[in-house]
$ cat entry-v3.cif   # mmCIF, C-alpha atoms and all ligand atoms
data_protein
#
loop_
_atom_site.label_atom_id
_atom_site.label_comp_id
_atom_site.auth_asym_id
_atom_site.auth_seq_id
_atom_site.Cartn_x
_atom_site.Cartn_y
_atom_site.Cartn_z
CA MET A 1 -87.94 -20.17 -5.12
CA SER A 2 -85.39 -18.59 -2.75
CA GLN A 3 -81.67 -18.55 -3.37
CA ILE A 4 -78.96 -19.24 -0.81
CA TYR A 5 -75.60 -17.68 -1.68
CA TYR A 6 -72.84 -20.07 -0.69
CA PHE A 7 -69.93 -18.64 -2.66
CA SER A 8 -69.17 -14.93 -2.87
CA LEU A 9 -67.70 -13.36 -5.99
CA PHE A 10 -64.28 -13.33 -4.34
CA GLU A 11 -64.44 -17.02 -3.45
CA ARG A 12 -65.39 -17.94 -7.02
CA PHE A 13 -62.61 -15.78 -8.45
CA TRP A 14 -60.16 -17.29 -5.95
CA HIS A 15 -61.29 -20.87 -6.63
CA TRP A 16 -61.10 -20.74 -10.44
CA SER A 17 -57.90 -18.70 -10.69
CA GLN A 18 -56.26 -21.06 -8.18
CA ALA A 19 -57.44 -24.08 -10.19
CA ILE A 20 -55.98 -22.67 -13.44
CA LEU A 21 -52.70 -21.75 -11.73
CA ILE A 22 -52.37 -25.17 -10.05
CA PHE A 23 -52.86 -26.90 -13.41
CA GLY A 24 -50.21 -24.58 -14.88
CA MET A 25 -47.84 -25.34 -11.97
CA LEU A 26 -48.36 -29.08 -12.42
CA ILE A 27 -47.78 -28.95 -16.19
CA THR A 28 -44.62 -26.78 -15.95
CA GLY A 29 -43.39 -28.39 -12.68
CA PHE A 30 -43.40 -31.93 -14.03
CA GLU A 31 -41.64 -30.70 -17.17
CA ILE A 32 -38.90 -29.20 -14.94
CA HIS A 33 -38.84 -32.53 -13.10
CA GLY A 34 -38.06 -34.21 -16.44
CA THR A 35 -41.29 -36.23 -16.74
CA TYR A 36 -41.91 -35.00 -20.35
CA GLN A 37 -40.99 -32.26 -22.82
CA LEU A 38 -43.66 -29.76 -23.79
CA LEU A 39 -42.68 -26.08 -23.64
CA GLY A 40 -38.93 -26.53 -23.29
CA TYR A 41 -37.04 -26.55 -19.98
CA GLU A 42 -36.18 -22.80 -19.86
CA GLN A 43 -39.70 -21.74 -20.82
CA ALA A 44 -41.17 -24.12 -18.22
CA ILE A 45 -38.96 -22.62 -15.47
CA ASN A 46 -39.88 -19.04 -16.47
CA LEU A 47 -43.60 -19.77 -16.53
CA HIS A 48 -43.43 -21.80 -13.31
CA THR A 49 -41.71 -18.91 -11.52
CA ILE A 50 -44.19 -16.26 -12.77
CA MET A 51 -47.20 -18.42 -11.85
CA ALA A 52 -45.63 -19.20 -8.45
CA TRP A 53 -45.64 -15.50 -7.49
CA VAL A 54 -49.19 -15.02 -8.73
CA LEU A 55 -50.30 -18.10 -6.77
CA ILE A 56 -48.58 -16.91 -3.58
CA GLY A 57 -50.23 -13.48 -4.02
CA LEU A 58 -53.59 -15.18 -4.44
CA TRP A 59 -53.06 -17.36 -1.35
CA LEU A 60 -52.19 -14.26 0.73
CA LEU A 61 -55.31 -12.50 -0.55
CA ALA A 62 -57.43 -15.56 0.32
CA LEU A 63 -55.84 -15.73 3.78
CA PHE A 64 -56.75 -12.07 4.36
CA TRP A 65 -60.33 -12.60 3.10
CA HIS A 66 -60.91 -15.72 5.24
CA THR A 67 -59.58 -14.12 8.42
CA THR A 68 -61.44 -10.82 8.00
CA THR A 69 -64.80 -12.41 7.07
CA GLY A 70 -64.57 -15.21 9.67
CA GLU A 71 -65.16 -17.75 6.87
CA TRP A 72 -62.08 -19.70 8.05
CA ARG A 73 -64.48 -21.37 10.52
CA GLN A 74 -65.96 -23.29 7.58
CA TYR A 75 -62.76 -25.37 7.60
CA LEU A 76 -62.65 -26.36 11.28
CA PRO A 77 -62.77 -30.18 11.63
CA SER A 78 -66.10 -31.73 12.60
CA ASP A 79 -66.43 -33.84 15.77
CA ALA A 80 -65.52 -37.55 15.71
CA ASP A 81 -69.16 -38.84 15.69
CA THR A 82 -70.10 -36.71 12.67
CA MET A 83 -66.96 -37.83 10.84
CA LEU A 84 -67.73 -41.48 11.59
CA SER A 85 -71.30 -41.24 10.31
CA MET A 86 -70.00 -39.61 7.10
CA VAL A 87 -67.39 -42.35 6.59
CA LYS A 88 -70.09 -45.02 7.15
CA TYR A 89 -72.34 -43.23 4.67
CA TYR A 90 -69.66 -43.09 1.95
CA LEU A 91 -68.55 -46.69 2.51
CA VAL A 92 -71.98 -48.34 2.77
CA GLY A 93 -75.00 -46.01 3.02
CA ILE A 94 -74.50 -44.27 -0.34
CA PHE A 95 -74.85 -47.62 -2.16
CA LEU A 96 -78.01 -48.56 -0.21
CA GLY A 97 -79.79 -45.25 -0.77
CA ALA A 98 -79.49 -44.26 2.94
CA PRO A 99 -80.36 -40.62 3.82
CA HIS A 100 -77.44 -38.21 3.79
CA PRO A 101 -76.20 -37.68 7.39
CA PHE A 102 -75.13 -34.08 6.71
CA HIS A 103 -77.58 -31.18 6.46
CA ARG A 104 -76.02 -28.18 4.86
CA LYS A 105 -76.38 -24.61 6.21
CA ARG A 106 -74.90 -21.30 5.09
CA VAL A 107 -72.56 -21.31 8.12
CA GLU A 108 -71.68 -24.98 7.54
CA LYS A 109 -71.48 -25.25 3.78
CA HIS A 110 -68.91 -28.05 3.47
CA ASN A 111 -69.60 -31.60 4.61
CA PRO A 112 -67.14 -33.07 7.18
CA MET A 113 -65.12 -34.91 4.49
CA GLN A 114 -64.78 -31.74 2.41
CA ARG A 115 -63.76 -29.73 5.49
CA MET A 116 -61.05 -32.28 6.27
CA ALA A 117 -59.79 -32.40 2.65
CA TYR A 118 -59.62 -28.57 2.38
CA LEU A 119 -57.98 -28.25 5.81
CA ILE A 120 -55.23 -30.70 4.79
CA LEU A 121 -54.81 -28.89 1.47
CA THR A 122 -54.47 -25.42 3.02
CA MET A 123 -52.65 -26.24 6.27
CA VAL A 124 -50.34 -29.07 5.15
CA ILE A 125 -49.90 -29.41 1.38
CA SER A 126 -49.90 -25.72 0.37
CA PRO A 127 -47.34 -24.61 3.02
CA ILE A 128 -45.06 -27.54 2.03
CA ILE A 129 -45.26 -26.46 -1.62
CA TRP A 130 -44.73 -22.75 -1.13
CA LEU A 131 -42.06 -22.95 1.58
CA SER A 132 -39.99 -25.47 -0.41
CA GLY A 133 -40.69 -23.48 -3.62
CA ILE A 134 -39.47 -20.21 -2.07
CA LEU A 135 -36.32 -21.95 -0.75
CA TYR A 136 -35.75 -23.50 -4.18
CA LEU A 137 -36.18 -20.10 -5.84
CA PHE A 138 -33.71 -18.34 -3.54
CA TYR A 139 -31.10 -21.10 -3.60
CA GLN A 140 -28.24 -18.66 -4.26
CA TYR A 141 -29.02 -16.79 -1.00
CA TRP A 142 -28.88 -19.87 1.24
CA PRO A 143 -25.39 -19.01 2.63
CA LEU A 144 -26.82 -15.67 3.88
CA ILE A 145 -29.42 -17.48 6.03
CA GLY A 146 -27.04 -20.18 7.26
CA MET A 147 -28.35 -22.88 4.91
CA SER A 148 -25.18 -23.54 2.90
CA GLY A 149 -25.00 -27.10 4.28
CA THR A 150 -28.59 -27.95 3.20
CA SER A 151 -29.03 -30.25 0.22
CA LEU A 152 -30.83 -28.74 -2.77
CA GLY A 153 -31.87 -32.29 -3.68
CA LEU A 154 -33.72 -32.59 -0.37
CA VAL A 155 -35.66 -29.33 -0.94
CA ALA A 156 -36.43 -30.43 -4.52
CA ALA A 157 -37.67 -33.80 -3.21
CA VAL A 158 -39.93 -32.13 -0.61
CA HIS A 159 -41.29 -29.81 -3.34
CA THR A 160 -41.95 -32.78 -5.65
CA ILE A 161 -43.71 -34.72 -2.83
CA GLY A 162 -45.92 -31.62 -2.35
CA ALA A 163 -46.61 -31.59 -6.11
CA PHE A 164 -47.67 -35.28 -6.03
CA ALA A 165 -49.89 -34.54 -3.01
CA ILE A 166 -51.65 -31.73 -4.93
CA LEU A 167 -51.95 -34.01 -7.95
CA SER A 168 -53.64 -36.72 -5.84
CA PHE A 169 -55.92 -34.14 -4.26
CA ILE A 170 -57.50 -33.37 -7.67
CA PRO A 171 -59.38 -36.72 -8.18
CA ILE A 172 -60.49 -36.72 -4.50
CA HIS A 173 -61.77 -33.15 -4.87
CA LEU A 174 -63.58 -33.94 -8.14
CA TYR A 175 -65.11 -37.11 -6.66
CA LEU A 176 -66.40 -35.35 -3.53
CA THR A 177 -67.63 -32.33 -5.49
CA LEU A 178 -69.43 -34.25 -8.21
CA THR A 179 -70.97 -37.00 -6.06
CA THR A 180 -72.03 -35.30 -2.83
CA SER A 181 -74.35 -32.52 -4.00
CA GLU A 182 -78.13 -33.02 -3.88
CA GLU A 183 -78.67 -31.81 -7.46
CA PRO A 184 -76.50 -33.24 -10.28
CA PHE A 185 -73.40 -31.00 -10.64
CA GLY A 186 -74.90 -28.85 -7.85
CA TYR A 187 -71.56 -27.76 -6.32
CA LEU A 188 -70.00 -27.14 -9.72
CA ILE A 189 -72.87 -24.85 -10.71
CA GLU A 190 -72.69 -23.09 -7.33
CA MET A 191 -68.99 -22.40 -7.82
CA ILE A 192 -69.89 -20.70 -11.12
CA VAL A 193 -73.03 -18.74 -10.18
CA GLY A 194 -72.52 -18.56 -6.39
CA HIS A 195 -75.90 -19.85 -5.25
CA GLU A 196 -78.08 -22.92 -5.15
CA ARG A 197 -81.80 -22.93 -5.88
CA LYS A 198 -83.98 -23.89 -2.93
CA ARG A 199 -87.70 -24.13 -2.71
CA GLY A 200 -88.77 -21.51 -0.18
C1 LIG B 301 -49.31 -26.14 -7.11
C2 LIG B 301 -48.16 -25.65 -6.89
C3 LIG B 301 -46.84 -26.20 -7.40
C4 LIG B 301 -46.54 -27.37 -8.04
C5 LIG B 301 -47.50 -28.48 -8.42
C6 LIG B 301 -45.12 -27.38 -8.30
C7 LIG B 301 -44.42 -28.41 -8.91
C8 LIG B 301 -43.06 -28.42 -9.16
C9 LIG B 301 -42.30 -29.55 -9.64
C10 LIG B 301 -42.86 -30.94 -9.90
C11 LIG B 301 -41.01 -29.13 -9.80
C12 LIG B 301 -39.83 -29.98 -10.27
C13 LIG B 301 -39.01 -30.38 -9.03
C14 LIG B 301 -37.73 -31.12 -9.37
O1 LIG B 301 -37.79 -32.18 -9.96
O2 LIG B 301 -36.66 -30.61 -9.03
C15 LIG B 301 -40.96 -27.74 -9.43
C16 LIG B 301 -39.82 -26.95 -9.49
C17 LIG B 301 -39.74 -25.69 -8.97
N1 LIG B 301 -40.77 -25.00 -8.34
FE1 LIG B 301 -42.65 -25.60 -8.10
N2 LIG B 301 -44.58 -26.20 -7.84
C18 LIG B 301 -45.60 -25.47 -7.27
C19 LIG B 301 -45.50 -24.25 -6.65
C20 LIG B 301 -44.33 -23.54 -6.55
C21 LIG B 301 -44.18 -22.31 -5.82
C22 LIG B 301 -45.31 -21.62 -5.03
C23 LIG B 301 -42.89 -21.91 -6.00
C24 LIG B 301 -42.16 -20.69 -5.51
C25 LIG B 301 -42.55 -19.75 -4.81
C26 LIG B 301 -42.23 -22.87 -6.83
C27 LIG B 301 -40.92 -22.81 -7.24
C28 LIG B 301 -40.25 -23.78 -7.93
C29 LIG B 301 -38.86 -23.68 -8.34
C30 LIG B 301 -37.93 -22.50 -8.08
C31 LIG B 301 -38.56 -24.87 -9.00
C32 LIG B 301 -37.19 -25.26 -9.61
C33 LIG B 301 -36.98 -24.62 -10.92
C34 LIG B 301 -35.54 -24.84 -11.32
O3 LIG B 301 -35.09 -26.00 -11.39
O4 LIG B 301 -34.87 -23.83 -11.58
N3 LIG B 301 -43.13 -23.87 -7.15
N4 LIG B 301 -42.22 -27.34 -9.03
#
$ encode --input "entry-v3.cif" --output "structure tokens" --more "lines below"
Ligand code: HEM
Amino acid sequence: MSQIYYFSLFERFWHWSQAILIFGMLITGFEIHGTYQLLGYEQAINLHTIMAWVLIGLWLLALFWHTTTGEWRQYLPSDADTMLSMVKYYLVGIFLGAPHPFHRKRVEKHNPMQRMAYLILTMVISPIIWLSGILYLFYQYWPLIGMSGTSLGLVAAVHTIGAFAILSFIPIHLYLTLTTSEEPFGYLIEMIVGHERKRG
């Protein structure tokens, strides 16, 4: 048996701490939004703000790690033909027992659908959330940066749209993670121990 390490210690730390923080942001954020009452409004705001800074720190650390290790290449979109064969596989082939069109390698550890989902998460949804969140947080300084005419309601709406986008990402992420690995719960186990077991 030989082991292929797909996820370094840093990536596993980054993944699980981000997951916990995002759940915390969702729970406190939707309480601030008025969806329910759980911790109390003031407490929810305080916790949301503390976790926001930790999350931003974590994102900056992850950005540094991905650029210095070159691992950002794992998230480049696949070509159109590969994408099409994956879509066909998930729509039809998977139900007919067709062979998986994607063959995983250490330098290409995510399948084309995962690459696309993570790229949208990191390049679109996350920046929307943290830019609108930072603006929201520093509302009292808006006049200093020429934003006194901007509507707070608009920034809050953009932030809430970002929150719904992250919320909808969760079932997609769980579905792709739990259904696309060769071994049952293969990706989940890898994200805990870092490696898969391969016959060598
Ligand atoms: C996964 C990440 C996040 C989620 C799901 C999330 C979600 C939310 C939601 C749903 C609200 C209520 C919006 C409203 O109805 O007005 C909110 C409020 C807020 N969020 Fe976030 N947020 C996230 C990240 C951030 C970040 C990174 C920051 C700042 C750097 C931030 C700062 C704020 C602030 C300042 C408020 C308003 C609190 C107040 O009313 O005083 N959030 N968030």
$ residues_near_ligand --input "entry-v3.cif" --ligand "ligand LIG 301 (chain B)" --cutoff "9 Å" --atoms "all atoms listed in the file" --output "PyMOL selection string"
chain A and resi 18-19+21-35+41-42+44-46+48-56+126-127+129-139+152-153+155-167
$ closest_residue --input "entry-v3.cif" --among "A:Pro112, A:Leu60, A:Thr150, A:Thr68" --to "A:Ser85" --atoms "all atoms listed in the file"
A:Pro112
$ closest_residue --input "entry-v3.cif" --among "A:Gln114, A:Thr122, A:Ser148, A:Gln74" --to "A:Tyr175" --atoms "only C-alpha atoms"
A:Gln114
$ closest_residue --input "entry-v3.cif" --among "A:Phe95, A:Phe102, A:Tyr187, A:Phe169" --to "A:Tyr6" --atoms "only C-alpha atoms"
A:Tyr187
$ residues_around --input "entry-v3.cif" --residues "A:Val87" --least-positions-apart "3" --cutoff "12 Å" --atoms "only C-alpha atoms" --output "compact mmCIF listing (two decimals) with C-alpha atoms, in the frame of the given file"
# COMPACT_ATOMS: atom_id res chain seq x y z
CA ALA A 80 -65.52 -37.55 15.71
CA ASP A 81 -69.16 -38.84 15.69
CA THR A 82 -70.10 -36.71 12.67
CA MET A 83 -66.96 -37.83 10.84
CA LEU A 84 -67.73 -41.48 11.59
CA TYR A 90 -69.66 -43.09 1.95
CA LEU A 91 -68.55 -46.69 2.51
CA VAL A 92 -71.98 -48.34 2.77
CA GLY A 93 -75.00 -46.01 3.02
CA ILE A 94 -74.50 -44.27 -0.34
CA HIS A 100 -77.44 -38.21 3.79
CA PRO A 101 -76.20 -37.68 7.39
CA PHE A 102 -75.13 -34.08 6.71
CA ASN A 111 -69.60 -31.60 4.61
CA PRO A 112 -67.14 -33.07 7.18
CA MET A 113 -65.12 -34.91 4.49
CA GLN A 114 -64.78 -31.74 2.41
CA MET A 116 -61.05 -32.28 6.27
$ residues_around --input "entry-v3.cif" --residues "A:Glu190" --least-positions-apart "4" --cutoff "8 Å" --atoms "only C-alpha atoms" --output "number ranges by chain"
A: 6-7, 186, 194-196
$ atom_distance --input "entry-v3.cif" --atom1 "atom CA of A:Ile4" --atom2 "atom CA of A:Val193"
11.1 Å
$ closest_residue --input "entry-v3.cif" --among "A:Ala98, A:Met86, A:Gln43, A:His15" --to "A:Trp59" --atoms "all atoms listed in the file"
A:His15
$ atom_distance --input "entry-v3.cif" --atom1 "atom CA of A:Phe185" --atom2 "atom CA of A:Tyr75"
21.9 Å
$ closest_residue --input "entry-v3.cif" --among "A:Leu76, A:Pro143, A:Thr180, A:Val107" --to "A:Tyr5" --atoms "only C-alpha atoms"
A:Val107
$ closest_residue --input "entry-v3.cif" --among "A:Arg104, A:Lys88, A:Lys109, A:Arg12" --to "A:Leu188" --atoms "all atoms listed in the file"
A:Arg12
$ build_atoms --input "entry-v3.cif" --residues "stretch 75-86 of chain A" --atoms "all heavy atoms" --output "PDB file, in the coordinates of the input"
ATOM      1  N   TYR A  75     -63.748 -24.303   7.808  1.00  0.00           N
ATOM      2  CA  TYR A  75     -62.760 -25.370   7.600  1.00  0.00           C
ATOM      3  C   TYR A  75     -62.335 -26.059   8.893  1.00  0.00           C
ATOM      4  O   TYR A  75     -61.429 -26.877   8.886  1.00  0.00           O
ATOM      5  CB  TYR A  75     -61.525 -24.802   6.863  1.00  0.00           C
ATOM      6  CG  TYR A  75     -61.922 -24.204   5.531  1.00  0.00           C
ATOM      7  CD1 TYR A  75     -62.261 -22.857   5.423  1.00  0.00           C
ATOM      8  CD2 TYR A  75     -62.036 -24.999   4.396  1.00  0.00           C
ATOM      9  CE1 TYR A  75     -62.681 -22.311   4.221  1.00  0.00           C
ATOM     10  CE2 TYR A  75     -62.454 -24.473   3.186  1.00  0.00           C
ATOM     11  CZ  TYR A  75     -62.780 -23.126   3.115  1.00  0.00           C
ATOM     12  OH  TYR A  75     -63.210 -22.603   1.921  1.00  0.00           O
ATOM     13  N   LEU A  76     -62.992 -25.702  10.022  1.00  0.00           N
ATOM     14  CA  LEU A  76     -62.650 -26.360  11.280  1.00  0.00           C
ATOM     15  C   LEU A  76     -63.139 -27.808  11.218  1.00  0.00           C
ATOM     16  O   LEU A  76     -64.232 -28.077  10.725  1.00  0.00           O
ATOM     17  CB  LEU A  76     -63.310 -25.638  12.467  1.00  0.00           C
ATOM     18  CG  LEU A  76     -62.764 -24.239  12.772  1.00  0.00           C
ATOM     19  CD1 LEU A  76     -63.551 -23.609  13.921  1.00  0.00           C
ATOM     20  CD2 LEU A  76     -61.284 -24.308  13.121  1.00  0.00           C
ATOM     21  N   PRO A  77     -62.340 -28.777  11.730  1.00  0.00           N
ATOM     22  CA  PRO A  77     -62.770 -30.180  11.630  1.00  0.00           C
ATOM     23  C   PRO A  77     -64.048 -30.449  12.413  1.00  0.00           C
ATOM     24  O   PRO A  77     -64.288 -29.840  13.452  1.00  0.00           O
ATOM     25  CB  PRO A  77     -61.601 -30.954  12.245  1.00  0.00           C
ATOM     26  CG  PRO A  77     -60.523 -29.978  12.501  1.00  0.00           C
ATOM     27  CD  PRO A  77     -61.052 -28.598  12.383  1.00  0.00           C
ATOM     28  N   SER A  78     -64.863 -31.356  11.909  1.00  0.00           N
ATOM     29  CA  SER A  78     -66.100 -31.730  12.600  1.00  0.00           C
ATOM     30  C   SER A  78     -65.750 -32.706  13.724  1.00  0.00           C
ATOM     31  O   SER A  78     -64.666 -33.279  13.732  1.00  0.00           O
ATOM     32  CB  SER A  78     -67.048 -32.436  11.639  1.00  0.00           C
ATOM     33  OG  SER A  78     -67.111 -31.745  10.435  1.00  0.00           O
ATOM     34  N   ASP A  79     -66.723 -32.922  14.664  1.00  0.00           N
ATOM     35  CA  ASP A  79     -66.430 -33.840  15.770  1.00  0.00           C
ATOM     36  C   ASP A  79     -66.369 -35.295  15.277  1.00  0.00           C
ATOM     37  O   ASP A  79     -66.821 -35.612  14.169  1.00  0.00           O
ATOM     38  CB  ASP A  79     -67.447 -33.672  16.905  1.00  0.00           C
ATOM     39  CG  ASP A  79     -68.847 -33.983  16.430  1.00  0.00           C
ATOM     40  OD1 ASP A  79     -69.156 -35.168  16.261  1.00  0.00           O
ATOM     41  OD2 ASP A  79     -69.621 -33.024  16.190  1.00  0.00           O
ATOM     42  N   ALA A  80     -65.804 -36.172  16.126  1.00  0.00           N
ATOM     43  CA  ALA A  80     -65.520 -37.550  15.710  1.00  0.00           C
ATOM     44  C   ALA A  80     -66.790 -38.313  15.292  1.00  0.00           C
ATOM     45  O   ALA A  80     -66.765 -39.061  14.308  1.00  0.00           O
ATOM     46  CB  ALA A  80     -64.814 -38.283  16.845  1.00  0.00           C
ATOM     47  N   ASP A  81     -67.922 -38.118  16.017  1.00  0.00           N
ATOM     48  CA  ASP A  81     -69.160 -38.840  15.690  1.00  0.00           C
ATOM     49  C   ASP A  81     -69.665 -38.479  14.292  1.00  0.00           C
ATOM     50  O   ASP A  81     -70.070 -39.341  13.515  1.00  0.00           O
ATOM     51  CB  ASP A  81     -70.264 -38.511  16.705  1.00  0.00           C
ATOM     52  CG  ASP A  81     -70.022 -39.243  18.005  1.00  0.00           C
ATOM     53  OD1 ASP A  81     -69.121 -40.124  18.016  1.00  0.00           O
ATOM     54  OD2 ASP A  81     -70.699 -38.927  19.001  1.00  0.00           O
ATOM     55  N   THR A  82     -69.636 -37.166  13.991  1.00  0.00           N
ATOM     56  CA  THR A  82     -70.100 -36.710  12.670  1.00  0.00           C
ATOM     57  C   THR A  82     -69.212 -37.284  11.573  1.00  0.00           C
ATOM     58  O   THR A  82     -69.703 -37.735  10.533  1.00  0.00           O
ATOM     59  CB  THR A  82     -70.076 -35.154  12.608  1.00  0.00           C
ATOM     60  OG1 THR A  82     -70.633 -34.654  13.809  1.00  0.00           O
ATOM     61  CG2 THR A  82     -70.830 -34.624  11.434  1.00  0.00           C
ATOM     62  N   MET A  83     -67.901 -37.279  11.832  1.00  0.00           N
ATOM     63  CA  MET A  83     -66.960 -37.830  10.840  1.00  0.00           C
ATOM     64  C   MET A  83     -67.260 -39.299  10.583  1.00  0.00           C
ATOM     65  O   MET A  83     -67.308 -39.753   9.449  1.00  0.00           O
ATOM     66  CB  MET A  83     -65.514 -37.709  11.343  1.00  0.00           C
ATOM     67  CG  MET A  83     -64.868 -36.375  11.154  1.00  0.00           C
ATOM     68  SD  MET A  83     -64.772 -35.877   9.431  1.00  0.00           S
ATOM     69  CE  MET A  83     -63.429 -36.879   8.854  1.00  0.00           C
ATOM     70  N   LEU A  84     -67.497 -40.038  11.693  1.00  0.00           N
ATOM     71  CA  LEU A  84     -67.730 -41.480  11.590  1.00  0.00           C
ATOM     72  C   LEU A  84     -68.998 -41.767  10.787  1.00  0.00           C
ATOM     73  O   LEU A  84     -69.019 -42.660   9.929  1.00  0.00           O
ATOM     74  CB  LEU A  84     -67.846 -42.069  13.009  1.00  0.00           C
ATOM     75  CG  LEU A  84     -67.574 -43.562  13.106  1.00  0.00           C
ATOM     76  CD1 LEU A  84     -66.110 -43.836  12.782  1.00  0.00           C
ATOM     77  CD2 LEU A  84     -67.898 -44.064  14.524  1.00  0.00           C
ATOM     78  N   SER A  85     -70.059 -40.971  11.048  1.00  0.00           N
ATOM     79  CA  SER A  85     -71.300 -41.240  10.310  1.00  0.00           C
ATOM     80  C   SER A  85     -71.121 -40.908   8.824  1.00  0.00           C
ATOM     81  O   SER A  85     -71.715 -41.567   7.964  1.00  0.00           O
ATOM     82  CB  SER A  85     -72.489 -40.484  10.918  1.00  0.00           C
ATOM     83  OG  SER A  85     -72.206 -39.133  10.974  1.00  0.00           O
ATOM     84  N   MET A  86     -70.265 -39.923   8.509  1.00  0.00           N
ATOM     85  CA  MET A  86     -70.000 -39.610   7.100  1.00  0.00           C
ATOM     86  C   MET A  86     -69.224 -40.742   6.434  1.00  0.00           C
ATOM     87  O   MET A  86     -69.528 -41.135   5.314  1.00  0.00           O
ATOM     88  CB  MET A  86     -69.162 -38.329   6.994  1.00  0.00           C
ATOM     89  CG  MET A  86     -69.913 -37.060   7.191  1.00  0.00           C
ATOM     90  SD  MET A  86     -71.229 -36.804   5.992  1.00  0.00           S
ATOM     91  CE  MET A  86     -70.308 -36.534   4.500  1.00  0.00           C
TER      92      MET A  86
END
